$ cat model.cif   # mmCIF, C-alpha atoms
data_run
loop_
_atom_site.label_atom_id
_atom_site.label_comp_id
_atom_site.auth_asym_id
_atom_site.auth_seq_id
_atom_site.Cartn_x
_atom_site.Cartn_y
_atom_site.Cartn_z
CA MET O 1 131.04 107.70 156.68
CA ARG O 2 131.39 108.29 152.96
CA ASN O 3 131.94 104.56 152.26
CA VAL O 4 128.77 103.72 154.16
CA LEU O 5 126.70 106.18 152.08
CA MET O 6 128.17 104.86 148.84
CA THR O 7 127.34 101.30 149.83
CA ILE O 8 123.76 102.22 150.75
CA SER O 9 123.19 104.13 147.52
CA ARG O 10 124.55 101.27 145.41
CA SER O 11 122.57 98.56 147.12
CA TYR O 12 119.23 100.38 147.14
CA ALA O 13 116.43 98.62 145.29
CA PRO O 14 112.85 99.88 145.11
CA PRO O 15 110.37 97.98 147.26
CA ALA O 16 108.53 95.10 145.59
CA GLY O 17 105.33 96.13 143.83
CA THR O 18 106.42 99.67 142.98
CA PRO O 19 106.31 100.62 139.31
CA GLY O 20 109.69 100.73 137.69
CA PRO O 21 110.96 102.43 134.53
CA ALA O 22 109.50 99.64 132.34
CA LEU O 23 105.98 100.73 133.32
CA GLY O 24 106.73 104.29 132.21
CA ARG O 25 107.97 103.07 128.83
CA THR O 26 104.91 100.85 128.42
CA LEU O 27 102.52 103.69 129.24
CA GLY O 28 104.43 106.02 126.93
CA ARG O 29 104.21 103.57 124.05
CA ALA O 30 100.51 102.95 124.68
CA LEU O 31 99.87 106.69 124.69
CA ALA O 32 101.84 107.15 121.47
CA VAL O 33 99.96 104.32 119.71
CA THR O 34 96.59 105.69 120.88
CA LEU O 35 97.48 109.19 119.72
CA LEU O 36 98.61 107.88 116.33
CA ALA O 37 95.39 105.87 115.92
CA VAL O 38 93.26 108.94 116.73
CA LEU O 39 95.19 111.10 114.27
CA ILE O 40 94.84 108.53 111.50
CA ALA O 41 91.12 108.08 112.19
CA GLU O 42 90.52 111.83 111.97
CA CYS O 43 92.00 111.92 108.48
CA SER O 44 89.34 109.59 107.10
CA THR O 45 86.22 110.88 105.39
CA ARG O 46 82.59 109.89 105.72
CA PRO O 47 81.16 107.68 102.99
CA GLY O 48 79.13 109.58 100.42
CA PRO O 49 75.45 109.04 99.73
CA GLY O 50 76.25 106.83 96.73
CA SER O 51 77.93 104.20 98.90
CA PHE O 52 74.58 102.88 100.12
CA GLN O 53 72.96 102.52 96.70
CA THR O 54 71.54 99.12 95.85
CA SER O 55 72.54 97.03 92.89
CA HIS O 56 69.71 95.77 90.69
CA ALA O 57 71.68 92.82 89.34
CA PRO O 58 71.66 90.10 92.02
CA GLU O 59 74.44 87.54 92.11
CA GLN O 60 73.53 84.05 90.97
CA GLY O 61 72.37 81.95 93.94
CA ALA O 62 71.78 84.99 96.16
CA THR O 63 68.68 85.21 98.33
CA ASN O 64 66.78 88.26 99.56
CA HIS O 65 66.48 88.96 103.27
CA THR O 66 64.26 91.48 105.01
CA ILE O 67 66.13 93.60 107.51
CA LEU O 68 64.17 95.73 109.97
CA ILE O 69 65.83 98.85 111.34
CA ALA O 70 64.58 101.32 113.95
CA THR O 71 66.15 104.76 114.33
CA THR O 72 65.49 108.05 116.04
CA ARG O 73 66.92 110.08 113.12
CA GLU O 74 64.82 112.34 110.91
CA ARG O 75 64.12 111.16 107.35
CA ALA O 76 66.05 113.05 104.67
CA THR O 77 64.39 114.69 101.68
CA LYS O 78 67.44 114.36 99.36
CA PRO O 79 67.55 111.31 97.09
CA ALA O 80 69.95 108.47 98.08
CA THR O 81 70.16 109.94 101.60
CA TYR O 82 67.93 108.05 103.97
CA PHE O 83 68.33 109.93 107.26
CA THR O 84 69.76 113.23 108.48
CA GLY O 85 71.83 113.80 111.58
CA GLU O 86 68.87 115.40 113.36
CA ARG O 87 66.73 113.58 115.89
CA ALA O 88 63.11 112.85 114.96
CA GLY O 89 60.20 113.27 117.31
CA HIS O 90 59.29 109.60 116.86
CA THR O 91 60.93 106.28 116.05
CA ASP O 92 61.05 105.75 112.31
#
$ encode --input "model.cif" --output "structure tokens"
Amino acid sequence: MRNVLMTISRSYAPPAGTPGPALGRTLGRALAVTLLAVLIAECSTRPGPGSFQTSHAPEQGATNHTILIATTRERATKPATYFTGERAGHTD
């Protein structure tokens, strides 16, 4: 009886289509990469108000383009800050 049990336990293979240990490693790696990306992204800072300042010396051969933007954010009163994080009562 013992030989029969040993033979059965050695020849057992999971049914086709069931996830094996490779799937667990793949999910573990994907989770680790996602967690690392989130941690790195949280260490970054927001750009300051000076990052959106315009340059008054255009490059040679450059052309001007009009860009229209609609937002629901409230206009800011501080210089070099266009909008606040608060919602406005109207589209600006």
$ closest_residue --input "model.cif" --among "O:Cys43, O:Thr91, O:Ser55, O:Gly48" --to "Ile69 (chain O)" --atoms "only C-alpha atoms"
O:Thr91
$ atom_distance --input "model.cif" --atom1 "CA of Ser51 (chain O)" --atom2 "CA of Pro79 (chain O)"
12.7 Å
$ residues_near_point --input "model.cif" --point "(66.5, 113.6, 115.0)" --cutoff "9 Å" --atoms "only C-alpha atoms" --output "PyMOL selection string"
chain O and resi 71-75+83-90
$ resolve_selection --input "model.cif" --expression "the PyMOL selection byres ((chain O and resi 80) around 10)" --output "list in words"
Gly48, Pro49, Gly50, Ser51, Phe52, Gln53, Thr54, Ala76, Thr77, Lys78, Pro79, Thr81, Tyr82 and Phe83 of chain O
$ atom_distance --input "model.cif" --atom1 "CA of Ser44 (chain O)" --atom2 "CA of Ala32 (chain O)"
19.2 Å
$ axis_aligned_box --input "model.cif" --around "region 22-29 of chain O" --padding-each-side "8 Å" --output "JSON"
{"center_x": 106.0, "center_y": 102.8, "center_z": 128.7, "size_x": 23.0, "size_y": 22.4, "size_z": 25.3}
$ atom_distance --input "model.cif" --atom1 "CA of Arg46 (chain O)" --atom2 "CA of Ala62 (chain O)"
28.8 Å
$ build_atoms --input "model.cif" --residues "region 29-40 of chain O" --atoms "all heavy atoms" --output "JSON list (two decimals), keeping the file's coordinate frame"
[["chain", "number", "residue", "atom", "x", "y", "z"],
["O", 29, "ARG", "N", 104.48, 104.20, 125.34],
["O", 29, "ARG", "CA", 104.21, 103.57, 124.05],
["O", 29, "ARG", "C", 102.72, 103.45, 123.80],
["O", 29, "ARG", "O", 102.24, 103.67, 122.69],
["O", 29, "ARG", "CB", 104.86, 102.20, 123.99],
["O", 29, "ARG", "CG", 106.36, 102.27, 123.86],
["O", 29, "ARG", "CD", 106.97, 100.90, 123.86],
["O", 29, "ARG", "NE", 108.43, 100.99, 123.84],
["O", 29, "ARG", "CZ", 109.24, 100.03, 124.16],
["O", 29, "ARG", "NH1", 108.76, 98.86, 124.55],
["O", 29, "ARG", "NH2", 110.54, 100.20, 124.11],
["O", 30, "ALA", "N", 101.96, 103.07, 124.84],
["O", 30, "ALA", "CA", 100.51, 102.95, 124.68],
["O", 30, "ALA", "C", 99.89, 104.30, 124.34],
["O", 30, "ALA", "O", 99.00, 104.39, 123.49],
["O", 30, "ALA", "CB", 99.88, 102.39, 125.96],
["O", 31, "LEU", "N", 100.36, 105.35, 124.98],
["O", 31, "LEU", "CA", 99.87, 106.69, 124.69],
["O", 31, "LEU", "C", 100.21, 107.10, 123.26],
["O", 31, "LEU", "O", 99.38, 107.66, 122.55],
["O", 31, "LEU", "CB", 100.44, 107.70, 125.69],
["O", 31, "LEU", "CG", 100.00, 109.14, 125.52],
["O", 31, "LEU", "CD1", 98.49, 109.25, 125.75],
["O", 31, "LEU", "CD2", 100.75, 110.04, 126.47],
["O", 32, "ALA", "N", 101.43, 106.80, 122.82],
["O", 32, "ALA", "CA", 101.84, 107.15, 121.47],
["O", 32, "ALA", "C", 101.01, 106.39, 120.43],
["O", 32, "ALA", "O", 100.58, 106.97, 119.42],
["O", 32, "ALA", "CB", 103.33, 106.84, 121.28],
["O", 33, "VAL", "N", 100.76, 105.10, 120.66],
["O", 33, "VAL", "CA", 99.96, 104.32, 119.71],
["O", 33, "VAL", "C", 98.52, 104.83, 119.67],
["O", 33, "VAL", "O", 97.92, 104.96, 118.61],
["O", 33, "VAL", "CB", 100.01, 102.82, 120.09],
["O", 33, "VAL", "CG1", 98.97, 102.02, 119.33],
["O", 33, "VAL", "CG2", 101.40, 102.26, 119.83],
["O", 34, "THR", "N", 97.96, 105.16, 120.83],
["O", 34, "THR", "CA", 96.59, 105.69, 120.88],
["O", 34, "THR", "C", 96.50, 107.02, 120.16],
["O", 34, "THR", "O", 95.57, 107.26, 119.39],
["O", 34, "THR", "CB", 96.14, 105.85, 122.35],
["O", 34, "THR", "OG1", 96.25, 104.59, 123.00],
["O", 34, "THR", "CG2", 94.73, 106.36, 122.44],
["O", 35, "LEU", "N", 97.47, 107.89, 120.38],
["O", 35, "LEU", "CA", 97.48, 109.19, 119.72],
["O", 35, "LEU", "C", 97.60, 109.03, 118.21],
["O", 35, "LEU", "O", 96.89, 109.69, 117.44],
["O", 35, "LEU", "CB", 98.63, 110.05, 120.25],
["O", 35, "LEU", "CG", 98.77, 111.44, 119.67],
["O", 35, "LEU", "CD1", 97.54, 112.27, 120.00],
["O", 35, "LEU", "CD2", 100.01, 112.11, 120.18],
["O", 36, "LEU", "N", 98.46, 108.13, 117.76],
["O", 36, "LEU", "CA", 98.61, 107.88, 116.33],
["O", 36, "LEU", "C", 97.31, 107.34, 115.72],
["O", 36, "LEU", "O", 96.90, 107.76, 114.64],
["O", 36, "LEU", "CB", 99.76, 106.89, 116.09],
["O", 36, "LEU", "CG", 100.07, 106.57, 114.64],
["O", 36, "LEU", "CD1", 100.53, 107.82, 113.90],
["O", 36, "LEU", "CD2", 101.10, 105.48, 114.56],
["O", 37, "ALA", "N", 96.65, 106.43, 116.42],
["O", 37, "ALA", "CA", 95.39, 105.87, 115.92],
["O", 37, "ALA", "C", 94.31, 106.96, 115.81],
["O", 37, "ALA", "O", 93.55, 106.99, 114.83],
["O", 37, "ALA", "CB", 94.91, 104.75, 116.84],
["O", 38, "VAL", "N", 94.25, 107.85, 116.78],
["O", 38, "VAL", "CA", 93.26, 108.94, 116.73],
["O", 38, "VAL", "C", 93.56, 109.88, 115.57],
["O", 38, "VAL", "O", 92.66, 110.29, 114.84],
["O", 38, "VAL", "CB", 93.23, 109.70, 118.07],
["O", 38, "VAL", "CG1", 92.46, 110.99, 117.96],
["O", 38, "VAL", "CG2", 92.63, 108.83, 119.16],
["O", 39, "LEU", "N", 94.83, 110.21, 115.37],
["O", 39, "LEU", "CA", 95.19, 111.10, 114.27],
["O", 39, "LEU", "C", 94.88, 110.48, 112.92],
["O", 39, "LEU", "O", 94.40, 111.16, 112.01],
["O", 39, "LEU", "CB", 96.67, 111.47, 114.37],
["O", 39, "LEU", "CG", 97.03, 112.42, 115.51],
["O", 39, "LEU", "CD1", 98.54, 112.60, 115.58],
["O", 39, "LEU", "CD2", 96.34, 113.74, 115.36],
["O", 40, "ILE", "N", 95.14, 109.20, 112.77],
["O", 40, "ILE", "CA", 94.84, 108.53, 111.50],
["O", 40, "ILE", "C", 93.34, 108.46, 111.27],
["O", 40, "ILE", "O", 92.85, 108.67, 110.16],
["O", 40, "ILE", "CB", 95.48, 107.13, 111.47],
["O", 40, "ILE", "CG1", 97.00, 107.26, 111.37],
["O", 40, "ILE", "CG2", 94.93, 106.30, 110.33],
["O", 40, "ILE", "CD1", 97.73, 105.96, 111.51]]
